[in-house]
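Just run-v3.tsv here, TSV, C-alpha atoms:
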chain	number	residue	atom	x	y	z
A	1	MET	CA	0.00	0.00	0.00
A	2	SER	CA	1.36	3.36	-0.99
A	3	LEU	CA	1.77	5.78	1.91
A	4	VAL	CA	1.19	8.70	-0.45
A	5	GLN	CA	-1.59	8.35	-3.02
A	6	THR	CA	-1.73	10.63	-6.04
A	7	GLU	CA	-4.30	11.50	-8.68
A	8	ILE	CA	-4.34	14.11	-11.44
A	9	LYS	CA	-7.61	15.69	-12.59
A	10	ASN	CA	-7.53	18.59	-15.06
A	11	LYS	CA	-4.04	19.70	-13.96
A	12	VAL	CA	-4.96	19.42	-10.27
A	13	GLY	CA	-2.46	17.13	-8.56
A	14	ILE	CA	-4.18	15.56	-5.55
A	15	ILE	CA	-1.86	14.16	-2.86
A	16	THR	CA	-3.31	12.07	-0.04
A	17	LEU	CA	-1.26	11.10	3.01
A	18	ASN	CA	-2.46	7.54	3.29
A	19	SER	CA	-2.08	6.21	6.83
A	20	GLU	CA	-5.50	6.73	8.36
A	21	LYS	CA	-4.85	4.38	11.31
A	22	THR	CA	-1.93	6.53	12.51
A	23	LEU	CA	-3.81	9.78	11.75
A	24	ASN	CA	-1.45	10.13	8.77
A	25	ALA	CA	1.62	10.49	10.98
A	26	LEU	CA	4.78	11.13	8.98
A	27	SER	CA	7.18	8.21	8.70
A	28	LEU	CA	10.46	8.38	6.79
A	29	PRO	CA	9.06	6.33	3.84
A	30	MET	CA	6.03	8.66	3.64
A	31	ILE	CA	8.28	11.73	3.63
A	32	GLU	CA	10.44	10.21	0.87
A	33	GLU	CA	7.39	9.40	-1.25
A	34	LEU	CA	6.04	12.91	-0.76
A	35	GLN	CA	9.37	14.45	-1.79
A	36	THR	CA	9.43	12.36	-4.98
A	37	VAL	CA	5.94	13.52	-5.97
A	38	LEU	CA	6.68	17.18	-5.26
A	39	THR	CA	9.90	16.99	-7.27
A	40	ASP	CA	8.22	15.26	-10.22
A	41	TRP	CA	5.32	17.70	-10.33
A	42	LYS	CA	7.36	20.86	-9.89
A	43	THR	CA	8.21	21.13	-13.59
A	44	SER	CA	5.46	18.94	-15.05
A	45	ASN	CA	3.11	20.53	-17.61
A	46	ARG	CA	0.42	18.15	-16.36
A	47	ILE	CA	0.19	19.99	-13.02
A	48	ALA	CA	-1.11	23.53	-12.47
A	49	CYS	CA	-1.71	23.27	-8.70
A	50	ILE	CA	-1.49	20.78	-5.84
A	51	PHE	CA	-4.17	19.80	-3.32
A	52	LEU	CA	-2.76	18.10	-0.20
A	53	GLN	CA	-5.05	16.18	2.16
A	54	GLY	CA	-5.01	13.37	4.71
A	55	ALA	CA	-6.85	10.07	4.36
A	56	GLY	CA	-10.08	9.89	6.37
A	57	GLU	CA	-11.93	12.66	8.16
A	58	LYS	CA	-9.98	12.79	11.41
A	59	ALA	CA	-6.64	14.34	10.48
A	60	LEU	CA	-4.45	15.95	7.87
A	61	CYS	CA	-1.42	14.74	9.85
A	62	ALA	CA	-0.96	14.21	13.58
A	63	GLY	CA	2.80	14.84	13.42
A	64	GLY	CA	5.93	12.76	13.00
A	65	ASP	CA	6.15	9.08	13.84
A	66	VAL	CA	8.26	9.73	16.93
A	67	ARG	CA	7.88	6.15	18.15
A	68	LYS	CA	10.19	5.05	15.31
A	69	LEU	CA	12.70	7.74	16.34
A	70	TYR	CA	12.56	6.48	19.92
A	71	ASP	CA	13.42	2.96	18.75
A	72	ALA	CA	16.40	4.31	16.81
A	73	ILE	CA	17.65	6.31	19.82
A	74	ILE	CA	17.38	3.30	22.17
A	75	ALA	CA	19.22	1.07	19.68
A	76	GLN	CA	21.96	3.70	19.22
A	77	LYS	CA	22.53	3.97	22.99
A	78	THR	CA	23.92	0.42	23.05
A	79	ILE	CA	26.43	1.33	20.33
A	80	ASP	CA	27.47	4.95	20.96
A	81	PRO	CA	25.08	7.26	22.87
A	82	ALA	CA	27.02	10.36	21.76
A	83	GLU	CA	26.31	9.63	18.10
A	84	VAL	CA	23.11	10.80	16.41
A	85	PRO	CA	21.17	7.77	15.09
A	86	GLN	CA	21.25	7.74	11.28
A	87	ASP	CA	17.48	7.11	11.12
A	88	CYS	CA	16.87	10.25	13.16
A	89	PHE	CA	19.15	12.38	11.00
A	90	ASP	CA	17.50	11.03	7.85
A	91	PHE	CA	14.01	11.64	9.21
A	92	PHE	CA	14.54	15.23	10.32
A	93	SER	CA	16.68	16.29	7.34
A	94	LYS	CA	14.24	14.86	4.78
A	95	GLU	CA	11.20	16.19	6.64
A	96	TYR	CA	12.64	19.71	6.64
A	97	GLN	CA	13.53	19.43	2.95
A	98	VAL	CA	9.87	18.65	2.17
A	99	ASP	CA	8.72	21.56	4.37
A	100	TYR	CA	11.13	23.92	2.62
A	101	GLU	CA	9.98	22.60	-0.76
A	102	ILE	CA	6.38	23.55	0.07
A	103	HIS	CA	7.41	27.02	1.29
A	104	THR	CA	9.25	27.71	-1.98
A	105	TYR	CA	7.11	25.73	-4.44
A	106	PRO	CA	6.62	27.43	-7.83
A	107	LYS	CA	2.95	26.38	-8.13
A	108	PRO	CA	-0.07	26.90	-5.85
A	109	VAL	CA	-0.21	24.40	-2.99
A	110	ILE	CA	-3.61	24.04	-1.33
A	111	VAL	CA	-3.67	22.27	2.04
A	112	TRP	CA	-6.90	20.89	3.46
A	113	GLY	CA	-6.24	21.39	7.19
A	114	ASN	CA	-9.34	19.64	8.47
A	115	GLY	CA	-9.22	17.66	11.74
A	116	ILE	CA	-5.97	17.15	13.64
A	117	VAL	CA	-2.93	19.04	12.35
A	118	MET	CA	-0.05	18.81	14.80
A	119	GLY	CA	3.72	19.10	14.80
A	120	GLY	CA	4.93	17.81	11.43
A	121	GLY	CA	1.42	18.32	10.03
A	122	ILE	CA	1.73	22.06	10.67
A	123	GLY	CA	5.12	21.87	8.96
A	124	LEU	CA	3.40	20.64	5.79
A	125	MET	CA	0.59	23.17	6.01
A	126	VAL	CA	2.19	26.41	7.08
A	127	GLY	CA	4.32	27.01	3.98
A	128	ALA	CA	1.51	26.37	1.48
A	129	SER	CA	0.09	29.19	-0.63
A	130	HIS	CA	-3.57	28.39	0.19
A	131	ARG	CA	-4.26	26.98	3.66
A	132	ILE	CA	-7.82	25.97	4.53
A	133	VAL	CA	-9.14	25.26	8.04
A	134	THR	CA	-12.64	24.21	9.14
A	135	GLU	CA	-14.82	23.99	12.24
A	136	LYS	CA	-13.14	20.62	12.92
A	137	SER	CA	-9.52	21.82	12.72
A	138	LYS	CA	-7.36	21.23	15.80
A	139	LEU	CA	-3.80	22.52	15.59
A	140	ALA	CA	-0.93	22.51	18.10
A	141	MET	CA	2.82	22.33	18.49
A	142	PRO	CA	2.89	20.30	21.74
A	143	GLU	CA	6.56	19.31	21.56
A	144	ILE	CA	7.37	20.60	25.07
A	145	THR	CA	5.35	17.62	26.40
A	146	ILE	CA	7.75	15.12	24.76
A	147	GLY	CA	11.06	16.84	25.43
A	148	LEU	CA	11.36	18.33	21.97
A	149	TYR	CA	10.67	21.88	20.65
A	150	PRO	CA	8.49	23.38	17.88
A	151	ASP	CA	10.51	22.44	14.79
A	152	VAL	CA	9.36	22.10	11.12
A	153	GLY	CA	9.97	25.84	10.67
A	154	GLY	CA	8.49	26.84	14.04
A	155	THR	CA	11.43	29.19	14.60
A	156	TRP	CA	10.12	31.13	11.60
A	157	PHE	CA	6.33	30.91	11.81
A	158	LEU	CA	6.03	31.37	15.58
A	159	ASN	CA	8.15	34.51	15.26
A	160	THR	CA	5.83	35.93	12.57
A	161	MET	CA	2.81	35.88	14.90
A	162	PRO	CA	1.51	39.08	16.52
A	163	SER	CA	2.36	40.14	20.09
A	164	ALA	CA	3.89	37.26	22.13
A	165	TYR	CA	1.65	34.52	20.73
A	166	GLY	CA	4.55	32.59	19.20
A	167	LEU	CA	6.44	32.39	22.48
A	168	TYR	CA	3.28	31.44	24.37
A	169	LEU	CA	2.29	28.71	21.92
A	170	GLY	CA	5.81	27.30	21.85
A	171	LEU	CA	6.10	27.11	25.64
A	172	THR	CA	2.58	25.85	26.35
A	173	GLY	CA	1.68	23.80	23.26
A	174	ALA	CA	-1.73	25.52	23.41
A	175	ARG	CA	-4.43	24.02	21.16
A	176	LEU	CA	-5.81	26.14	18.35
A	177	ASP	CA	-9.03	25.85	16.37
A	178	GLY	CA	-9.73	27.11	12.86
A	179	ALA	CA	-10.70	30.60	14.02
A	180	ASP	CA	-7.45	30.89	15.99
A	181	CYS	CA	-5.48	29.88	12.89
A	182	ILE	CA	-7.09	32.63	10.80
A	183	PHE	CA	-6.34	35.18	13.53
A	184	LEU	CA	-2.71	34.07	13.95
A	185	GLY	CA	-1.92	33.82	10.23
A	186	LEU	CA	-1.56	30.03	10.14
A	187	ALA	CA	-4.44	29.72	7.65
A	188	ASP	CA	-5.93	31.77	4.82
A	189	TYR	CA	-9.47	30.37	4.46
A	190	TYR	CA	-12.14	29.18	6.89
A	191	GLY	CA	-14.52	26.75	5.21
A	192	GLU	CA	-17.05	24.14	6.20
A	193	SER	CA	-15.71	20.61	6.58
A	194	SER	CA	-18.41	19.49	4.14
A	195	SER	CA	-17.09	21.75	1.36
A	196	LYS	CA	-14.04	19.73	0.27
A	197	GLU	CA	-15.75	18.02	-2.66
A	198	THR	CA	-17.18	21.35	-3.82
A	199	ILE	CA	-13.68	22.83	-3.79
A	200	LEU	CA	-12.19	19.87	-5.64
A	201	ARG	CA	-14.96	19.96	-8.26
A	202	ALA	CA	-14.39	23.66	-8.88
A	203	LEU	CA	-10.63	23.12	-9.21
A	204	GLU	CA	-11.19	20.23	-11.60
A	205	GLN	CA	-13.37	22.42	-13.82
A	206	ALA	CA	-11.08	25.46	-13.73
A	207	ASP	CA	-9.41	27.13	-16.69
A	208	TRP	CA	-5.68	27.08	-15.92
A	209	SER	CA	-4.57	29.23	-18.84
A	210	ASP	CA	-4.40	32.35	-16.66
A	211	ASN	CA	-2.51	32.98	-13.40
A	212	PRO	CA	-3.01	29.74	-11.39
A	213	TYR	CA	-2.58	31.50	-8.04
A	214	LYS	CA	-5.41	33.90	-8.87
A	215	THR	CA	-7.56	31.05	-10.19
A	216	VAL	CA	-7.19	29.13	-6.91
A	217	SER	CA	-7.77	32.26	-4.80
A	218	ASP	CA	-10.93	33.16	-6.73
A	219	ILE	CA	-12.35	29.66	-6.28
A	220	LEU	CA	-11.62	29.54	-2.55
A	221	ASP	CA	-12.87	33.10	-1.98
A	222	HIS	CA	-16.15	32.23	-3.69
A	223	ILE	CA	-16.72	28.98	-1.77
A	224	THR	CA	-15.76	30.31	1.68
A	225	GLU	CA	-17.02	33.92	1.49
A	226	SER	CA	-20.40	33.15	3.09
A	227	VAL	CA	-18.92	31.13	5.98
A	228	SER	CA	-18.69	33.17	9.16
A	229	VAL	CA	-15.58	32.68	11.29
A	230	PRO	CA	-16.44	32.15	14.97
A	231	GLU	CA	-14.73	34.08	17.75
A	232	SER	CA	-11.12	33.10	18.31
A	233	GLN	CA	-10.20	32.19	21.87
A	234	ALA	CA	-6.62	33.17	21.10
A	235	ALA	CA	-7.81	36.62	19.99
A	236	ALA	CA	-10.05	36.93	23.07
A	237	HIS	CA	-6.94	36.44	25.25
A	238	GLN	CA	-4.84	39.14	23.63
A	239	TRP	CA	-4.89	41.10	26.91
A	240	PHE	CA	-3.20	38.11	28.57
A	241	ILE	CA	-0.67	37.37	25.80
A	242	GLN	CA	0.49	41.01	25.86
A	243	HIS	CA	1.86	40.40	29.38
A	244	PHE	CA	4.58	38.25	27.78
A	245	GLU	CA	5.87	40.90	25.39
A	246	GLY	CA	9.43	41.77	26.32
A	247	VAL	CA	9.87	38.73	28.57
A	248	ASN	CA	13.59	37.92	28.67
A	249	SER	CA	13.81	34.64	30.58
A	250	VAL	CA	11.91	31.42	31.17
A	251	ASP	CA	11.60	32.33	34.86
A	252	GLN	CA	9.93	35.61	33.94
A	253	PHE	CA	7.55	33.77	31.60
A	254	LYS	CA	6.69	31.30	34.36
A	255	ASP	CA	6.04	34.04	36.93
A	256	ILE	CA	3.58	35.84	34.66
A	257	LEU	CA	1.84	32.60	33.67
A	258	MET	CA	1.49	31.19	37.19
A	259	ASN	CA	0.53	34.47	38.88
A	260	GLU	CA	-2.20	35.55	36.44
A	261	PRO	CA	-5.20	36.30	38.71
A	262	GLN	CA	-7.85	35.89	36.00
A	263	LYS	CA	-7.17	32.30	35.01
A	264	ASP	CA	-9.88	30.61	32.91
A	265	ASP	CA	-9.99	27.23	31.09
A	266	TRP	CA	-7.88	28.47	28.16
A	267	ILE	CA	-5.13	29.82	30.41
A	268	ASN	CA	-5.27	26.81	32.74
A	269	MET	CA	-4.64	24.46	29.81
A	270	GLY	CA	-1.46	26.43	29.05
A	271	VAL	CA	-0.40	26.27	32.70
A	272	LYS	CA	-0.96	22.51	32.78
A	273	SER	CA	1.18	21.68	29.73
A	274	PHE	CA	3.93	24.18	30.64
A	275	THR	CA	4.32	22.77	34.15
A	276	ALA	CA	4.15	19.14	32.96
A	277	GLY	CA	6.56	19.72	30.07
A	278	SER	CA	10.30	19.20	29.91
A	279	PRO	CA	12.25	21.93	31.77
A	280	SER	CA	15.06	21.57	29.22
A	281	SER	CA	12.57	22.01	26.39
A	282	ALA	CA	11.23	25.21	27.98
A	283	HIS	CA	14.72	26.69	27.99
A	284	ILE	CA	15.68	25.57	24.48
A	285	ILE	CA	12.36	26.81	23.05
A	286	PHE	CA	12.92	30.20	24.65
A	287	ARG	CA	16.44	30.45	23.21
A	288	GLN	CA	15.38	29.00	19.83
A	289	LEU	CA	12.76	31.72	19.32
A	290	LYS	CA	14.91	34.59	20.62
A	291	GLN	CA	18.01	33.59	18.61
A	292	GLY	CA	16.02	32.79	15.49
A	293	GLU	CA	14.07	36.05	15.16
A	294	HIS	CA	15.99	37.29	12.13
A	295	LEU	CA	17.04	34.04	10.45
A	296	SER	CA	16.16	33.32	6.82
A	297	LEU	CA	14.02	30.26	6.10
A	298	LYS	CA	17.09	28.27	5.03
A	299	GLU	CA	18.93	29.25	8.20
A	300	VAL	CA	15.89	28.29	10.27
A	301	PHE	CA	15.76	24.74	8.90
A	302	ARG	CA	19.52	24.31	9.25
A	303	SER	CA	19.46	25.46	12.87
A	304	GLU	CA	16.46	23.23	13.60
A	305	LEU	CA	18.16	20.18	12.12
A	306	ASN	CA	21.08	20.82	14.44
A	307	LEU	CA	18.80	21.22	17.46
A	308	SER	CA	16.72	18.13	16.59
A	309	CYS	CA	19.87	16.01	16.31
A	310	GLN	CA	20.99	17.29	19.71
A	311	CYS	CA	17.59	16.36	21.18
A	312	CYS	CA	18.25	12.79	20.02
A	313	ILE	CA	21.39	12.53	22.20
A	314	HIS	CA	20.00	14.50	25.17
A	315	PRO	CA	17.78	12.51	27.54
A	316	ASP	CA	14.37	14.20	27.52
A	317	PHE	CA	13.14	13.49	23.98
A	318	ALA	CA	13.40	9.70	24.31
A	319	GLU	CA	11.99	9.89	27.85
A	320	GLY	CA	9.02	12.01	26.74
A	321	VAL	CA	8.16	9.58	23.94
A	322	ARG	CA	8.56	6.63	26.33
A	323	ALA	CA	6.11	8.14	28.83
A	324	LEU	CA	3.54	9.18	26.23
A	325	LEU	CA	3.66	6.44	23.59
A	326	VAL	CA	5.72	3.45	24.71
A	327	ASP	CA	5.00	2.66	28.37
A	328	LYS	CA	2.13	5.20	28.37
A	329	ASP	CA	2.55	5.90	32.09
A	330	GLN	CA	2.24	9.66	31.43
A	331	SER	CA	5.01	10.18	34.03
A	332	PRO	CA	8.17	11.34	32.28
A	333	GLN	CA	11.25	11.56	34.47
A	334	TRP	CA	12.77	14.74	33.06
A	335	TRP	CA	16.48	15.32	33.52
A	336	PRO	CA	17.26	17.85	34.85
A	337	ALA	CA	13.97	17.62	36.73
A	338	ALA	CA	13.17	21.29	37.43
A	339	LEU	CA	13.48	24.64	35.66
A	340	ASN	CA	15.84	25.88	38.38
A	341	ASP	CA	18.18	22.94	37.76
A	342	ILE	CA	18.91	23.99	34.17
A	343	THR	CA	22.29	25.65	33.67
A	344	THR	CA	23.45	27.87	30.83
A	345	GLU	CA	26.06	25.22	29.98
A	346	TRP	CA	23.33	22.59	29.63
A	347	ILE	CA	21.34	24.74	27.19
A	348	ASP	CA	24.54	25.63	25.33
A	349	SER	CA	25.11	21.89	24.79
A	350	TYR	CA	21.80	21.66	22.87
A	351	PHE	CA	23.00	24.39	20.51
A	352	ALA	CA	26.51	22.99	19.96
A	353	GLU	CA	26.93	22.51	16.22
A	354	PHE	CA	27.03	19.24	14.36
A	355	LYS	CA	28.63	18.98	10.96
A	356	ALA	CA	25.74	18.17	8.62
A	357	GLU	CA	27.54	18.44	5.28
A	358	ASN	CA	24.98	16.34	3.43
A	359	PHE	CA	22.00	18.52	4.36
A	360	GLN	CA	21.05	20.57	1.31
A	361	LEU	CA	18.16	22.99	0.79

Structure translated into structure tokens:
Amino acid sequence: MSLVQTEIKNKVGIITLNSEKTLNALSLPMIEELQTVLTDWKTSNRIACIFLQGAGEKALCAGGDVRKLYDAIIAQKTIDPAEVPQDCFDFFSKEYQVDYEIHTYPKPVIVWGNGIVMGGGIGLMVGASHRIVTEKSKLAMPEITIGLYPDVGGTWFLNTMPSAYGLYLGLTGARLDGADCIFLGLADYYGESSSKETILRALEQADWSDNPYKTVSDILDHITESVSVPESQAAAHQWFIQHFEGVNSVDQFKDILMNEPQKDDWINMGVKSFTAGSPSSAHIIFRQLKQGEHLSLKEVFRSELNLSCQCCIHPDFAEGVRALLVDKDQSPQWWPAALNDITTEWIDSYFAEFKAENFQL
């Protein structure tokens, strides 16, 4: 069974991530198949635009298949724990190449962001030219809960958000719905989940002789213009997010978060995931976003590959995956165990450079 199914209808290249049981989680073979299709279609006269979707109704993509990465890390520990497992390097480097490909693609890329879109799923969606969310969309970058950090270009797209939303989302893994995505610039169109076939039909009947970007925009504008976007909870909490503007340490972030007197369900969810998350992750996310403010997209993906490789030889990533997906005890033993135990030297070690000569963008 192919992990990536393709179909071409009137110059519309339809790509379906085809692993419904895993909520279309990205495995290395799926990433490689996706890269092949994108490369083939980039210069093909048979393709005017691309429509990317996930199999089934539940998810575009629930993220990377981190269980496989865990297995590679555990196997590598018996050989040389200081060495990055080859499977991990291959996974992250090829995933980021696909993400960069979508960001820079020379043809319209439409992403149907219905259902769950998390981690690596956001990486596929955020760089597309036409990003659609629905009333069923659920997005998040919850990497702090598994000892990782918001990668797949998170250094770039979290830093483009208004106010201190990027920092807040990175450190709390807060859940977003479709309305939040429109407000934060993660999506361009808010449509009904029942409208996918209508959109595909219109694309399949389109005249592609003119500007394909305008053709796609006109179709999506027409189909979604009558759909009203509900109130965004993220927007409703702007007063709260503004407290984090100018924050210059994780401790300062924590003080503001924990001491907010007007806590409601939305804020409490952020408190819960921040306090349960990896202390090391909190510190590396803070530094990642501050250091990466002015990086180009290429520089972002290169720096993230370096940081992801370091996470594979630091303890918390494997431990977070163990607690969530392997033993499922939901009780990760983070090391160091508390925010106050994290030293500057420890965070520096996450940002120490690897030589990744064979990573090309």

Any idea what's packed within 12 Å of Phe351 in chain A, counting only C-alpha atoms, ignoring anything in its chain fewer than 5 positions away? Could you give it as a PyMOL selection string? chain A and resi 283-285+287-288+291+302-311+314+344-346

Between CA of Val133 in chain A and CA of Trp208 in chain A, what is the distance in Å, rounded to a tenth?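 Separation between CA of Val133 in chain A and CA of Trp208 in chain A: 24.3 Å.
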
Long-range neighbours of Phe274 in chain A as a list in words, 8 Å cut-off, all atoms listed in the file, 5 positions minimum in chain: Ile144, Thr145, Leu171, Thr172, Gly173 and Ala282 of chain A

CA of Glu197 in chain A to CA of Gln53 in chain A measures 11.9 Å

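For the set A:Asp87, A:Asp218, A:Glu299, A:Glu101, the residue with the smallest atom-to-atom gap to Leu34 in chain A is A:Glu101, counting all atoms listed in the file.
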
Enclose all atoms of range 37-43 of chain A listed in the file in an axis-aligned box, grow every side by 8 Å, and hand back centre and edge lengths in Å to one decimal, as lines of an AutoDock Vina configuration file.
center_x = 7.6
center_y = 17.3
center_z = -9.4
size_x = 20.6
size_y = 23.6
size_z = 24.3

Show which residues sit within 10 Å of range 258-267 of chain A, as a count of residues only. Count all atoms listed in the file, and ignore same-chain residues fewer than 3 positions away. 17

Point out the residue among A:Asp99, A:Glu143, A:Asp180, A:Asp90 with the least atom-to-atom distance to Pro29 in chain A, counting only C-alpha atoms. A:Asp90

Given the choices A:Pro230, A:Trp112, A:Cys88, A:Ala338, which gets closest to Gln76 in chain A if the distance is worked out from only C-alpha atoms?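 The closest residue to Gln76 in chain A is A:Cys88.
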
Can you list, as an NGL selection string, every protein, DNA or RNA residue that comes within 8 Å of range 318-334 of chain A when you count all atoms listed in the file, leaving out same-chain residues fewer than 2 positions away? :A and (66-67 or 70 or 73-74 or 145-147 or 278-279 or 312 or 315-316 or 336-338)

Could you state the separation of CA of Thr198 in chain A and CA of Leu17 in chain A in Å, given to one decimal place?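 Between these atoms lies a distance of 20.1 Å.
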
Given all atoms listed in the file as the basis, pick out the residue of A:Leu139, A:Leu200, A:Met30, A:Leu167 nearest to Ile50 in chain A.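 With all atoms listed in the file as the atom set, the closest residue is A:Leu200.
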
Provide range 309-326 of chain A rebuilt to N, CA and C atoms, formatted as a PDB file, in the coordinates of the input.
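part_2.pdb, freshly written:
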ATOM      1  N   CYS A 309      18.839  17.046  16.115  1.00  0.00           N
ATOM      2  CA  CYS A 309      19.870  16.010  16.310  1.00  0.00           C
ATOM      3  C   CYS A 309      20.365  16.025  17.759  1.00  0.00           C
ATOM      4  N   GLN A 310      20.552  17.207  18.312  1.00  0.00           N
ATOM      5  CA  GLN A 310      20.990  17.290  19.710  1.00  0.00           C
ATOM      6  C   GLN A 310      19.934  16.702  20.655  1.00  0.00           C
ATOM      7  N   CYS A 311      18.659  16.933  20.341  1.00  0.00           N
ATOM      8  CA  CYS A 311      17.590  16.360  21.180  1.00  0.00           C
ATOM      9  C   CYS A 311      17.652  14.835  21.197  1.00  0.00           C
ATOM     10  N   CYS A 312      18.166  14.259  20.111  1.00  0.00           N
ATOM     11  CA  CYS A 312      18.250  12.790  20.020  1.00  0.00           C
ATOM     12  C   CYS A 312      19.363  12.214  20.897  1.00  0.00           C
ATOM     13  N   ILE A 313      20.326  13.046  21.312  1.00  0.00           N
ATOM     14  CA  ILE A 313      21.390  12.530  22.200  1.00  0.00           C
ATOM     15  C   ILE A 313      21.302  13.150  23.594  1.00  0.00           C
ATOM     16  N   HIS A 314      20.323  14.028  23.816  1.00  0.00           N
ATOM     17  CA  HIS A 314      20.000  14.500  25.170  1.00  0.00           C
ATOM     18  C   HIS A 314      18.851  13.635  25.695  1.00  0.00           C
ATOM     19  N   PRO A 315      18.691  13.531  27.004  1.00  0.00           N
ATOM     20  CA  PRO A 315      17.780  12.510  27.540  1.00  0.00           C
ATOM     21  C   PRO A 315      16.278  12.741  27.379  1.00  0.00           C
ATOM     22  N   ASP A 316      15.803  13.979  27.347  1.00  0.00           N
ATOM     23  CA  ASP A 316      14.370  14.200  27.520  1.00  0.00           C
ATOM     24  C   ASP A 316      13.485  13.790  26.351  1.00  0.00           C
ATOM     25  N   PHE A 317      13.978  13.850  25.131  1.00  0.00           N
ATOM     26  CA  PHE A 317      13.140  13.490  23.980  1.00  0.00           C
ATOM     27  C   PHE A 317      12.738  12.009  24.056  1.00  0.00           C
ATOM     28  N   ALA A 318      13.713  11.132  24.221  1.00  0.00           N
ATOM     29  CA  ALA A 318      13.400   9.700  24.310  1.00  0.00           C
ATOM     30  C   ALA A 318      12.511   9.423  25.530  1.00  0.00           C
ATOM     31  N   GLU A 319      12.782  10.101  26.632  1.00  0.00           N
ATOM     32  CA  GLU A 319      11.990   9.890  27.850  1.00  0.00           C
ATOM     33  C   GLU A 319      10.543  10.366  27.669  1.00  0.00           C
ATOM     34  N   GLY A 320      10.368  11.493  26.983  1.00  0.00           N
ATOM     35  CA  GLY A 320       9.020  12.010  26.740  1.00  0.00           C
ATOM     36  C   GLY A 320       8.204  11.073  25.854  1.00  0.00           C
ATOM     37  N   VAL A 321       8.849  10.520  24.832  1.00  0.00           N
ATOM     38  CA  VAL A 321       8.160   9.580  23.940  1.00  0.00           C
ATOM     39  C   VAL A 321       7.850   8.278  24.698  1.00  0.00           C
ATOM     40  N   ARG A 322       8.793   7.831  25.512  1.00  0.00           N
ATOM     41  CA  ARG A 322       8.560   6.630  26.330  1.00  0.00           C
ATOM     42  C   ARG A 322       7.304   6.783  27.186  1.00  0.00           C
ATOM     43  N   ALA A 323       7.220   7.930  27.893  1.00  0.00           N
ATOM     44  CA  ALA A 323       6.110   8.140  28.830  1.00  0.00           C
ATOM     45  C   ALA A 323       4.767   8.295  28.128  1.00  0.00           C
ATOM     46  N   LEU A 324       4.801   8.900  26.940  1.00  0.00           N
ATOM     47  CA  LEU A 324       3.540   9.180  26.230  1.00  0.00           C
ATOM     48  C   LEU A 324       3.091   8.016  25.356  1.00  0.00           C
ATOM     49  N   LEU A 325       4.042   7.385  24.648  1.00  0.00           N
ATOM     50  CA  LEU A 325       3.660   6.440  23.590  1.00  0.00           C
ATOM     51  C   LEU A 325       4.145   5.006  23.775  1.00  0.00           C
ATOM     52  N   VAL A 326       5.171   4.802  24.585  1.00  0.00           N
ATOM     53  CA  VAL A 326       5.720   3.450  24.710  1.00  0.00           C
ATOM     54  C   VAL A 326       5.137   2.774  25.957  1.00  0.00           C
TER      55      VAL A 326
END
